[in-house]
Every structure is written in structure tokens, then in C-alpha cells.
Amino acid sequence: MTPANKVIINTAILYGRMILTVGVSLYSTRLILEALGSTDYGIFELVAGIIAVLAFLKNTMATSTQRFLSFYQGKNDIEGQKSVFTNSLIMHIIVGVVIVAVLALLESYLFEHFLNIAEGRIYAAKIVYRTMLASLLFSMINVPFMGTLVAHENLLFVAVVNILEALLKLSIAFVLISLSGNRLIIYSYLMATLAFVTMLMYTAFCFKKYIECSLRNVKIDKKQIKELSSFAGWNLFGALCGLGRTQGMAVLLNLFFGTVINAAYGIANQLAAQMYFLSATMLRALNPQIMKSEGVDDRERMLRLSMIASKFGFFLVAIIAIPAIFEMPQILKFWLKEVPEYTTIFAQFILIAILINQLTIGLQSALQATGKIKLYQTVVGGVILMTLPVAYIFLKMGFPPYYVFVSYLCLEVVGVILRIWIAKKIAGLSVPVYLNRVFMKSFFPTICSLVVCWFITRNIHFEYRFLFTGFASAVILLISIYFKGLYHDEKILFQKAIMTIKTKILKYR
């Protein structure tokens with residue numbers, strides 16, 4: 001199978017997975033909110049909010065292993081792949097244990113001196129904290145196996161596991177509703193068990209399927225570990241900056257407004273996670289080819305793929321996010337029985353920030369492919385963390401809660417500018433070409449979608465209008481993308497994708 005066909009098939013598999021899992025995940029959230037109530041759900045999002053971004057952290061760390069495996073695959077070096085996997089597994093076990101130990105030591109300080117949690121719920125919150133530490137350890141051990149699957153572009157198995165996870169989460173939600181007692185504690189134990197089961201599925205499959213996944217004749221290569229740990233360390237730093245911003249905003253809102261506001265923030269983050277899931281799905285299909293292109297010294301193809309990733313990542317999010325921003329009150333009313341205050345405006349702000357972020361999402365993969373990520377992670381990670389002091393100043397001055405997202409939005413724009421500058425400095429990116437191929441080609445389709453959504457929401461009123469708005473916006477956006485958003489070579493790629501999918505469907509009829 002050609003690289004282009006692999007990307008097309010894997011993308012189709014992952015988006016099929018997404019269609020099945022997104023609806024199930026959102027419905028599960030509704031049931032869990034109903035079962036726990038706003039206060040306990042807010043506590044879970046505050047104390048164990050790391051679970052909401054755990055997939056992001058896990059995927060970011062998996063990129064380290066996947067980058068080196070894909071690099072050596074490009075060179076057809078099986079011994080290099082074996083060394084990368086073995087030493088990556090050792091490194092991630094050590095890192096996981098250290099992170100969990102540090103967080104465990106911080107427990108007393110967090111609950112006694114920092115977090116604003118009602119006295120009667122502190123015990124339950126501590127149980128949540130401990131079970132999520134266990135989940136974090138399982139996920140860290142799982143990272144090299146995830147990286148191996150992505151490097152081999154075996155995304156069918158990843159899709160199957162993700163679907164099973166979504167169904168098990170839904171089962172947990174139904175179990176929770178049927179139980180009495182302390183549901184928050186029960187929920188935290190069940191989520192930790194799910195993380196353990198997921199780890200077992202990945203490890204068992206990889207040990208059986210791939211020759212490089214073996215613990216026989218383990219050779220610790222200090223140089224390899226140093227190279228992996230340096231790359232993974234800077235990747236982890238970047239991921240922790242994103243995690244620090246997400247959880248730091250939750251803590252700020254908690255300190256100023258209490259746990260109920262965390263329910264609104266948690267729901268907004270659920271929507272954000274699904275949007276990131278859209279672009280991450282496409283990146284997961286493209287990343288191995290980006291890394292392999294760098295492995296065979298084809299920098300031009302690597303940069304071209306990163307530009308395609310940025311533009312299509314933006315379009316994939318925009319097709320849902322733009323109508324959702326306009327129809328957020330109706331969507332939340334349909335989704336949730338009880339909509340916590342500020343949820344609507346939180347969700348609208350966070351979707352706008354995600355759209356801005358997607359305009360340079362492919363550059364992150366390009367920089368990781370070069371292996372030179374220290375400057376990128378330091379500068380962009382630092383800007384991301386600046387959200388917290390700016391947000392604190394806003395809240396201290398008496399501004400409403402949604403001003404934390406004003407700081408989020410402004411600094412996301414700064415991050416986009418810095419990604420382009422760093423990619424030019426390190427990877428030789430042509431800024432005019434990037435602006436023309438990504439920004440300018442995204443402008444017209446975006447304006448068309450905005451105008452359609454604005455017109456419908458101002459002039460048409462009926463129940464479930466958000467479905468009509470989403471459909472009309474999607475049709476207009478797709479048409480304008482095809483005629484105004486794609487270059488000639490991208491149109492050819494799009495036509496090939498349609499023909500490949502059509503051929504596969506006819507083959508199995």
C-alpha cells in the first residue's frame with residue numbers, strides 16, 4: 001500500500017471511530033453529571049481534571065517514541081527500532097513512577113491549604129485524587145505501546161480500543177445512575193480500572209504483533225535513553241504547560257467562585273476535548289509520514305505535509321465549531337438537563353481559541369520531526385503558562401469569570417505567531433508560502449460559514465434549529481473549501497481519497 005493510500009485509509013478508520021465515540025462520550029457526560037450533581041461533578045473536574053486531558057498528555061508523550069520509531073523505519077533499521085522501544089519503555093516507567101510519587105507527596109498541601117472544597121467532601125476528593133494517580137501511571141506505561149502502533153500506522157486497532165473505551169465509559173455512567181451511596185468515589189475507582197484494562201489491551205497486542213516489542217535480551221543504552229529522555233522531556237514540558245494552563249484555570253475559578261463554577265468549566269473542556277480529538281485524529285494519520293519524510297531527508301515533503309495538516313485540521317474543527325459557537329445555548333439545553341451558569345460563554349470562548357490554535361497545529365509535528373524542539377517548547381510553553389497570571393489579574397480586579405478565557409484567547413494568538421517564527425528559524429519554513437497556503441486559503445470558507453450561521457440564527461427560529469444550522473454551514477463550508485480553499489495538488493489528493501474509499505466500499509459489497 002502506498003503512503004498516500006495508508007494516510008487515506010487510516011484517516012477514514014479514525015473518523016469512523018470518531019463518529020461512534022463522540023456521541024457516546026457526550027451522552028456519558030450527561031448521565032454522569034446527572035448522577036453526581038453539579039457540586040460532585042465540579043469536584044471531580046477540579047481534583048481529577050487531569051483525566052480529561054490525559055489523552056492529550058499520553059498522545060504527546062507517545063509522539064516521542066513514535067518519532068524515533070518512524071525515523072528508524074524510514075532507514076529500515078530494525079535494531080534501531082528495538083533499541084528505541086526497550087529504552088523508551090524503561091524511561092516511561094521511571095518517569096511515571098517519579099511523577100506519581102511527587103504528586104502523592106503534594107496531596108496534604110493541596111487539600112489542606114490550597115483547594116476550596118467543602119469539609120464534607122474532602123475525603124471523597126482525596127480518593128478521587130489517588131485513583132487518578134493510578135490512572136496516570138497506567139497511561140504513562142502505555143505510552144511506548146501507543147507510539148509503536150502509530151509508527152506502524154496500525155490505527156485500526158487503536159480505533160477498536162477507543163470504541164471499547166467509549167462503550168465502557170457509557171456502561172460506567174449507567175451503573176453510576178443505578179447505584180446509591182457515594183457515587184463520586186465509585187466513579188473514580190471505575191475510571192481507574194478502565195485505565196488499567198486499556199493498558200492491558202495495548203501491551204498484549206504489541207508484544208504479540210511487533211518484533212521490536214520484546215523484553216528479551218534487554219540492553220540499556222544510556223546514549224539512547226539520553227536522546228529519548230531529552231526529546232520526551234521537552235515534549236512533556238510542553239504538554240505540562242498545556243495541562244498547567246487547563247488545570248490552573250480550573251483552580252483559579254475554584255479559588256474565586258467555588259466548585260459549582262468548575263462544573264461549567266469542566267463541561268466546556270469536554271467540548272474542547274472533542275474538538276481537539278478531530279484534529280488529533282487527522283494528525284495521527286499524517287504524523288508517521290511527516291516523521292518518515294524527515295528520516296529520508298525530504299524536508300520539502302515534510303513541510304508540505306505539515307501545511308496540509310494545519311489547514312485541514314482547521315477545516316475539520318471549523319465544520320463543527322463555527323455553527324456550535326452560534327448555537328451553543330440550544331446545544332447545551334439539548335445535551336444537558338441542567339446547564340451550569342457560564343457554561344455557554346465558556347464553551348464559545350474555548351472553541352474560538354481552538355480554531356486559532358489549529359491554524360499552526362501541523363507546525364508542531366514539523367518541529368518534532370526535526371528533533372529540535374527545545375526552543376519551541378520553552379517559548380510557546382512559557383506563553384501558554386502566561387495565561388494564568390493574566391487571568392489572575394483579571395479576576396483580582398473583579399472581572400467576570402469568563403475573562404480567564406479572554407487571556408486564553410489573546411495568548412493563543414501570540415502562540416500562533418511564535419510557532420510560525422520558530423518553524424522558519426529551525427525548519428526553514430517559508431512564511432509567505434505558509435500564509436498563502438494556510439491562512440489565506442482558510443479565510444474565504446470561514447467567512448462563508450460565519451455569514452450562513454449568523455443569518456440563520458438571526459432570522460430562523462424553531463426547535464432543534466442547531467441541526468439545520470450545522471447542516472447548512474457544513475454544506476457551504478465544504479463547497480467553498482473545494483473551490484477556494486484548496487490548491488490544485490490538494491484537490492488531486494482529495495479526489496484520490498474519494499476514489500480510494502469508493503473502491504474499498506465496492507470491493508466489500
# chains A, B, ... in the order shown; residues from 1 in each chain; ligands from 1

call {"tool": "residues_around", "arguments": {"residues": "Pro329 of chain A", "least_positions_apart": "4", "cutoff": "12 Å", "atoms": "only C-alpha atoms", "output": "list of chain:residue names"}}
result
A:Pro323, A:Ala324, A:Ile325, A:Lys333, A:Phe334, A:Trp335, A:Leu336, A:Glu338, A:Val339, A:Pro340, A:Glu341, A:Tyr342, A:Thr343, A:Thr344, A:Ile345, A:Phe346, A:Ala347, A:Gln348, A:Thr457, A:Tyr464, A:Arg465, A:Phe466

call {"tool": "write_last_selection", "arguments": {"atoms": "N, CA, C and O atoms", "output": "mmCIF file, in the first residue's frame"}}
result
data_model
loop_
_atom_site.group_PDB
_atom_site.id
_atom_site.type_symbol
_atom_site.label_atom_id
_atom_site.label_comp_id
_atom_site.auth_asym_id
_atom_site.auth_seq_id
_atom_site.Cartn_x
_atom_site.Cartn_y
_atom_site.Cartn_z
ATOM 1 N N PRO A 323 -20.689 26.524 13.640
ATOM 2 C CA PRO A 323 -22.114 26.506 13.991
ATOM 3 C C PRO A 323 -22.355 26.294 15.483
ATOM 4 O O PRO A 323 -23.329 26.823 16.042
ATOM 5 N N ALA A 324 -21.465 25.540 16.144
ATOM 6 C CA ALA A 324 -21.635 25.307 17.589
ATOM 7 C C ALA A 324 -21.499 26.601 18.386
ATOM 8 O O ALA A 324 -22.208 26.802 19.380
ATOM 9 N N ILE A 325 -20.602 27.491 17.973
ATOM 10 C CA ILE A 325 -20.433 28.773 18.659
ATOM 11 C C ILE A 325 -21.724 29.570 18.598
ATOM 12 O O ILE A 325 -22.170 30.158 19.599
ATOM 13 N N LYS A 333 -28.669 23.057 26.023
ATOM 14 C CA LYS A 333 -30.005 22.749 26.545
ATOM 15 C C LYS A 333 -30.448 21.360 26.110
ATOM 16 O O LYS A 333 -31.065 20.610 26.867
ATOM 17 N N PHE A 334 -30.110 21.000 24.853
ATOM 18 C CA PHE A 334 -30.461 19.676 24.333
ATOM 19 C C PHE A 334 -29.606 18.582 24.985
ATOM 20 O O PHE A 334 -30.094 17.499 25.305
ATOM 21 N N TRP A 335 -28.329 18.886 25.187
ATOM 22 C CA TRP A 335 -27.368 17.901 25.701
ATOM 23 C C TRP A 335 -27.561 17.637 27.179
ATOM 24 O O TRP A 335 -27.596 16.475 27.630
ATOM 25 N N LEU A 336 -27.701 18.698 27.983
ATOM 26 C CA LEU A 336 -27.726 18.587 29.434
ATOM 27 C C LEU A 336 -29.104 18.947 29.992
ATOM 28 O O LEU A 336 -29.746 19.873 29.524
ATOM 29 N N GLU A 338 -29.420 19.976 33.109
ATOM 30 C CA GLU A 338 -29.099 21.149 33.933
ATOM 31 C C GLU A 338 -27.825 21.783 33.387
ATOM 32 O O GLU A 338 -26.771 21.147 33.348
ATOM 33 N N VAL A 339 -27.931 23.038 32.933
ATOM 34 C CA VAL A 339 -26.783 23.744 32.358
ATOM 35 C C VAL A 339 -26.235 24.716 33.396
ATOM 36 O O VAL A 339 -26.872 25.720 33.706
ATOM 37 N N PRO A 340 -25.053 24.442 33.966
ATOM 38 C CA PRO A 340 -24.489 25.351 34.972
ATOM 39 C C PRO A 340 -24.249 26.745 34.391
ATOM 40 O O PRO A 340 -23.987 26.911 33.192
ATOM 41 N N GLU A 341 -24.339 27.756 35.252
ATOM 42 C CA GLU A 341 -24.133 29.138 34.832
ATOM 43 C C GLU A 341 -22.734 29.315 34.225
ATOM 44 O O GLU A 341 -21.773 28.698 34.672
ATOM 45 N N TYR A 342 -22.647 30.132 33.213
ATOM 46 C CA TYR A 342 -21.412 30.475 32.494
ATOM 47 C C TYR A 342 -20.945 29.386 31.523
ATOM 48 O O TYR A 342 -19.956 29.588 30.803
ATOM 49 N N THR A 343 -21.628 28.243 31.470
ATOM 50 C CA THR A 343 -21.178 27.179 30.572
ATOM 51 C C THR A 343 -21.169 27.639 29.116
ATOM 52 O O THR A 343 -20.230 27.347 28.364
ATOM 53 N N THR A 344 -22.214 28.359 28.707
ATOM 54 C CA THR A 344 -22.339 28.782 27.305
ATOM 55 C C THR A 344 -21.171 29.654 26.871
ATOM 56 O O THR A 344 -20.507 29.384 25.858
ATOM 57 N N ILE A 345 -20.895 30.696 27.622
ATOM 58 C CA ILE A 345 -19.836 31.628 27.219
ATOM 59 C C ILE A 345 -18.453 30.987 27.353
ATOM 60 O O ILE A 345 -17.558 31.253 26.540
ATOM 61 N N PHE A 346 -18.265 30.127 28.350
ATOM 62 C CA PHE A 346 -17.001 29.394 28.467
ATOM 63 C C PHE A 346 -16.766 28.561 27.201
ATOM 64 O O PHE A 346 -15.668 28.574 26.622
ATOM 65 N N ALA A 347 -17.794 27.821 26.792
ATOM 66 C CA ALA A 347 -17.664 26.941 25.634
ATOM 67 C C ALA A 347 -17.412 27.734 24.353
ATOM 68 O O ALA A 347 -16.600 27.328 23.511
ATOM 69 N N GLN A 348 -18.093 28.868 24.196
ATOM 70 C CA GLN A 348 -17.893 29.688 22.994
ATOM 71 C C GLN A 348 -16.471 30.219 22.911
ATOM 72 O O GLN A 348 -15.832 30.158 21.852
ATOM 73 N N THR A 457 -29.321 32.096 12.554
ATOM 74 C CA THR A 457 -29.630 32.323 13.979
ATOM 75 C C THR A 457 -30.361 33.647 14.226
ATOM 76 O O THR A 457 -31.024 33.799 15.250
ATOM 77 N N TYR A 464 -34.720 22.564 17.749
ATOM 78 C CA TYR A 464 -33.656 21.809 17.082
ATOM 79 C C TYR A 464 -33.089 22.539 15.849
ATOM 80 O O TYR A 464 -32.580 21.913 14.911
ATOM 81 N N ARG A 465 -33.153 23.863 15.869
ATOM 82 C CA ARG A 465 -32.590 24.648 14.770
ATOM 83 C C ARG A 465 -31.101 24.390 14.606
ATOM 84 O O ARG A 465 -30.554 24.505 13.504
ATOM 85 N N PHE A 466 -30.435 24.037 15.709
ATOM 86 C CA PHE A 466 -28.981 23.842 15.634
ATOM 87 C C PHE A 466 -28.598 22.749 14.635
ATOM 88 O O PHE A 466 -27.519 22.782 14.045
#

call {"tool": "residues_around", "arguments": {"residues": "Phe405 of chain A", "least_positions_apart": "6", "cutoff": "9 Å", "atoms": "only C-alpha atoms", "output": "list of chain:residue names"}}
result
A:Met249, A:Phe346, A:Phe349, A:Ile350, A:Ala353, A:Thr387, A:Ala391

call {"tool": "residues_around", "arguments": {"residues": "Leu176 of chain A", "least_positions_apart": "2", "cutoff": "10 Å", "atoms": "only C-alpha atoms", "output": "PDB file with N, CA and C atoms, in the first residue's frame"}}
result
ATOM      1  N   LEU A  31     -25.068  11.768  31.522  1.00  0.00           N
ATOM      2  CA  LEU A  31     -25.509  10.842  32.559  1.00  0.00           C
ATOM      3  C   LEU A  31     -24.686  11.005  33.840  1.00  0.00           C
ATOM      4  N   ILE A  32     -23.386  11.200  33.694  1.00  0.00           N
ATOM      5  CA  ILE A  32     -22.520  11.347  34.874  1.00  0.00           C
ATOM      6  C   ILE A  32     -22.844  12.623  35.623  1.00  0.00           C
ATOM      7  N   GLU A  34     -25.709  14.083  35.684  1.00  0.00           N
ATOM      8  CA  GLU A  34     -27.000  13.830  36.330  1.00  0.00           C
ATOM      9  C   GLU A  34     -26.822  12.988  37.592  1.00  0.00           C
ATOM     10  N   ALA A  35     -25.941  11.986  37.521  1.00  0.00           N
ATOM     11  CA  ALA A  35     -25.737  11.085  38.656  1.00  0.00           C
ATOM     12  C   ALA A  35     -24.989  11.752  39.807  1.00  0.00           C
ATOM     13  N   LEU A  36     -23.966  12.549  39.479  1.00  0.00           N
ATOM     14  CA  LEU A  36     -23.128  13.150  40.522  1.00  0.00           C
ATOM     15  C   LEU A  36     -23.681  14.474  41.037  1.00  0.00           C
ATOM     16  N   LEU A 170     -19.657   4.563  28.934  1.00  0.00           N
ATOM     17  CA  LEU A 170     -21.119   4.647  28.941  1.00  0.00           C
ATOM     18  C   LEU A 170     -21.701   3.653  29.931  1.00  0.00           C
ATOM     19  N   SER A 171     -21.132   2.441  29.978  1.00  0.00           N
ATOM     20  CA  SER A 171     -21.584   1.432  30.946  1.00  0.00           C
ATOM     21  C   SER A 171     -21.376   1.921  32.376  1.00  0.00           C
ATOM     22  N   ILE A 172     -20.227   2.579  32.606  1.00  0.00           N
ATOM     23  CA  ILE A 172     -19.958   3.140  33.934  1.00  0.00           C
ATOM     24  C   ILE A 172     -21.013   4.171  34.305  1.00  0.00           C
ATOM     25  N   ALA A 173     -21.408   5.012  33.328  1.00  0.00           N
ATOM     26  CA  ALA A 173     -22.421   6.040  33.588  1.00  0.00           C
ATOM     27  C   ALA A 173     -23.750   5.401  33.971  1.00  0.00           C
ATOM     28  N   PHE A 174     -24.162   4.331  33.271  1.00  0.00           N
ATOM     29  CA  PHE A 174     -25.422   3.654  33.599  1.00  0.00           C
ATOM     30  C   PHE A 174     -25.346   2.988  34.972  1.00  0.00           C
ATOM     31  N   SER A 178     -27.630   3.821  38.626  1.00  0.00           N
ATOM     32  CA  SER A 178     -28.399   2.780  39.317  1.00  0.00           C
ATOM     33  C   SER A 178     -27.946   2.551  40.758  1.00  0.00           C
ATOM     34  N   LEU A 179     -26.792   3.106  41.138  1.00  0.00           N
ATOM     35  CA  LEU A 179     -26.248   2.875  42.478  1.00  0.00           C
ATOM     36  C   LEU A 179     -26.632   3.987  43.442  1.00  0.00           C
ATOM     37  N   SER A 180     -26.596   3.652  44.706  1.00  0.00           N
ATOM     38  CA  SER A 180     -26.752   4.655  45.769  1.00  0.00           C
ATOM     39  C   SER A 180     -25.415   4.754  46.492  1.00  0.00           C
ATOM     40  N   GLY A 181     -25.334   5.580  47.491  1.00  0.00           N
ATOM     41  CA  GLY A 181     -24.083   5.729  48.225  1.00  0.00           C
ATOM     42  C   GLY A 181     -23.232   6.834  47.647  1.00  0.00           C
ATOM     43  N   ASN A 182     -21.930   6.768  47.917  1.00  0.00           N
ATOM     44  CA  ASN A 182     -21.010   7.814  47.477  1.00  0.00           C
ATOM     45  C   ASN A 182     -20.599   7.551  46.024  1.00  0.00           C
ATOM     46  N   ARG A 183     -21.384   8.082  45.113  1.00  0.00           N
ATOM     47  CA  ARG A 183     -21.152   7.825  43.690  1.00  0.00           C
ATOM     48  C   ARG A 183     -19.822   8.387  43.192  1.00  0.00           C
ATOM     49  N   LEU A 184     -19.378   9.477  43.765  1.00  0.00           N
ATOM     50  CA  LEU A 184     -18.126  10.093  43.319  1.00  0.00           C
ATOM     51  C   LEU A 184     -16.952   9.137  43.522  1.00  0.00           C
ATOM     52  N   ILE A 186     -17.130   5.801  43.862  1.00  0.00           N
ATOM     53  CA  ILE A 186     -17.325   4.651  42.978  1.00  0.00           C
ATOM     54  C   ILE A 186     -16.878   4.996  41.556  1.00  0.00           C
ATOM     55  N   TYR A 187     -17.245   6.189  41.092  1.00  0.00           N
ATOM     56  CA  TYR A 187     -16.884   6.629  39.743  1.00  0.00           C
ATOM     57  C   TYR A 187     -15.369   6.690  39.565  1.00  0.00           C
ATOM     58  N   LEU A 190     -13.904   3.143  39.239  1.00  0.00           N
ATOM     59  CA  LEU A 190     -14.232   2.545  37.953  1.00  0.00           C
ATOM     60  C   LEU A 190     -13.394   3.137  36.826  1.00  0.00           C
TER      61      LEU A 190
END

call {"tool": "residues_around", "arguments": {"residues": "Ser83 of chain A", "least_positions_apart": "3", "cutoff": "8 Å", "atoms": "only C-alpha atoms", "output": "list in words"}}
result
Glu79, Gly80, Thr86, Asn87, Glu212, Lys219, Asp221 and Gln224 of chain A

call {"tool": "write_last_selection", "arguments": {"atoms": "C-alpha atoms", "output": "JSON list (two decimals), in the first residue's frame"}}
result
[["chain", "number", "residue", "atom", "x", "y", "z"],
["A", 79, "GLU", "CA", 17.80, -2.95, 15.55],
["A", 80, "GLY", "CA", 17.34, 0.81, 15.99],
["A", 86, "THR", "CA", 13.06, -1.06, 25.00],
["A", 87, "ASN", "CA", 14.71, 2.07, 26.29],
["A", 212, "GLU", "CA", 10.63, -4.73, 18.30],
["A", 219, "LYS", "CA", 20.06, -3.77, 26.59],
["A", 221, "ASP", "CA", 21.60, 2.10, 26.03],
["A", 224, "GLN", "CA", 19.65, 6.18, 23.52]]

call {"tool": "closest_residue", "arguments": {"among": "A:Leu215, A:Ala321, A:Ile261, A:Met386", "to": "Gly244 of chain A", "atoms": "only C-alpha atoms"}}
result
A:Met386

call {"tool": "closest_residue", "arguments": {"among": "A:Arg245, A:Lys209, A:Lys372, A:His461", "to": "Ser230 of chain A", "atoms": "only C-alpha atoms"}}
result
A:Lys372

call {"tool": "residues_around", "arguments": {"residues": "Met91 of chain A", "least_positions_apart": "4", "cutoff": "10 Å", "atoms": "only C-alpha atoms", "output": "number ranges by chain"}}
result
A: 85-87, 95-96, 140-141, 144, 225-226, 228-229, 232

call {"tool": "write_last_selection", "arguments": {"atoms": "N, CA and C atoms", "output": "mmCIF file, in the first residue's frame"}}
result
data_model
loop_
_atom_site.group_PDB
_atom_site.id
_atom_site.type_symbol
_atom_site.label_atom_id
_atom_site.label_comp_id
_atom_site.auth_asym_id
_atom_site.auth_seq_id
_atom_site.Cartn_x
_atom_site.Cartn_y
_atom_site.Cartn_z
ATOM 1 N N PHE A 85 12.306 1.118 21.371
ATOM 2 C CA PHE A 85 11.170 0.643 22.170
ATOM 3 C C PHE A 85 11.588 0.256 23.582
ATOM 4 N N THR A 86 12.630 -0.565 23.688
ATOM 5 C CA THR A 86 13.062 -1.059 25.001
ATOM 6 C C THR A 86 13.441 0.082 25.938
ATOM 7 N N ASN A 87 14.255 0.981 25.442
ATOM 8 C CA ASN A 87 14.715 2.075 26.294
ATOM 9 C C ASN A 87 13.610 3.099 26.561
ATOM 10 N N VAL A 95 9.744 7.599 34.629
ATOM 11 C CA VAL A 95 9.106 8.926 34.650
ATOM 12 C C VAL A 95 7.733 8.857 35.294
ATOM 13 N N GLY A 96 6.958 7.815 34.961
ATOM 14 C CA GLY A 96 5.623 7.665 35.530
ATOM 15 C C GLY A 96 5.656 7.527 37.040
ATOM 16 N N MET A 140 1.084 6.259 31.523
ATOM 17 C CA MET A 140 2.494 6.502 31.227
ATOM 18 C C MET A 140 3.179 5.219 30.754
ATOM 19 N N ILE A 141 2.873 4.094 31.390
ATOM 20 C CA ILE A 141 3.447 2.812 30.974
ATOM 21 C C ILE A 141 2.992 2.465 29.556
ATOM 22 N N PRO A 144 4.836 3.911 25.249
ATOM 23 C CA PRO A 144 5.639 3.306 24.175
ATOM 24 C C PRO A 144 4.825 2.392 23.264
ATOM 25 N N ILE A 225 18.797 6.381 25.788
ATOM 26 C CA ILE A 225 17.898 6.903 26.820
ATOM 27 C C ILE A 225 18.057 8.409 26.967
ATOM 28 N N LYS A 226 19.304 8.870 26.877
ATOM 29 C CA LYS A 226 19.539 10.312 26.976
ATOM 30 C C LYS A 226 18.867 11.067 25.829
ATOM 31 N N LEU A 228 16.311 9.949 23.952
ATOM 32 C CA LEU A 228 14.869 9.816 24.122
ATOM 33 C C LEU A 228 14.344 10.703 25.244
ATOM 34 N N SER A 229 15.074 10.712 26.374
ATOM 35 C CA SER A 229 14.612 11.491 27.525
ATOM 36 C C SER A 229 14.673 12.984 27.255
ATOM 37 N N ALA A 232 11.671 13.476 24.860
ATOM 38 C CA ALA A 232 10.436 13.272 25.624
ATOM 39 C C ALA A 232 10.283 14.312 26.721
#
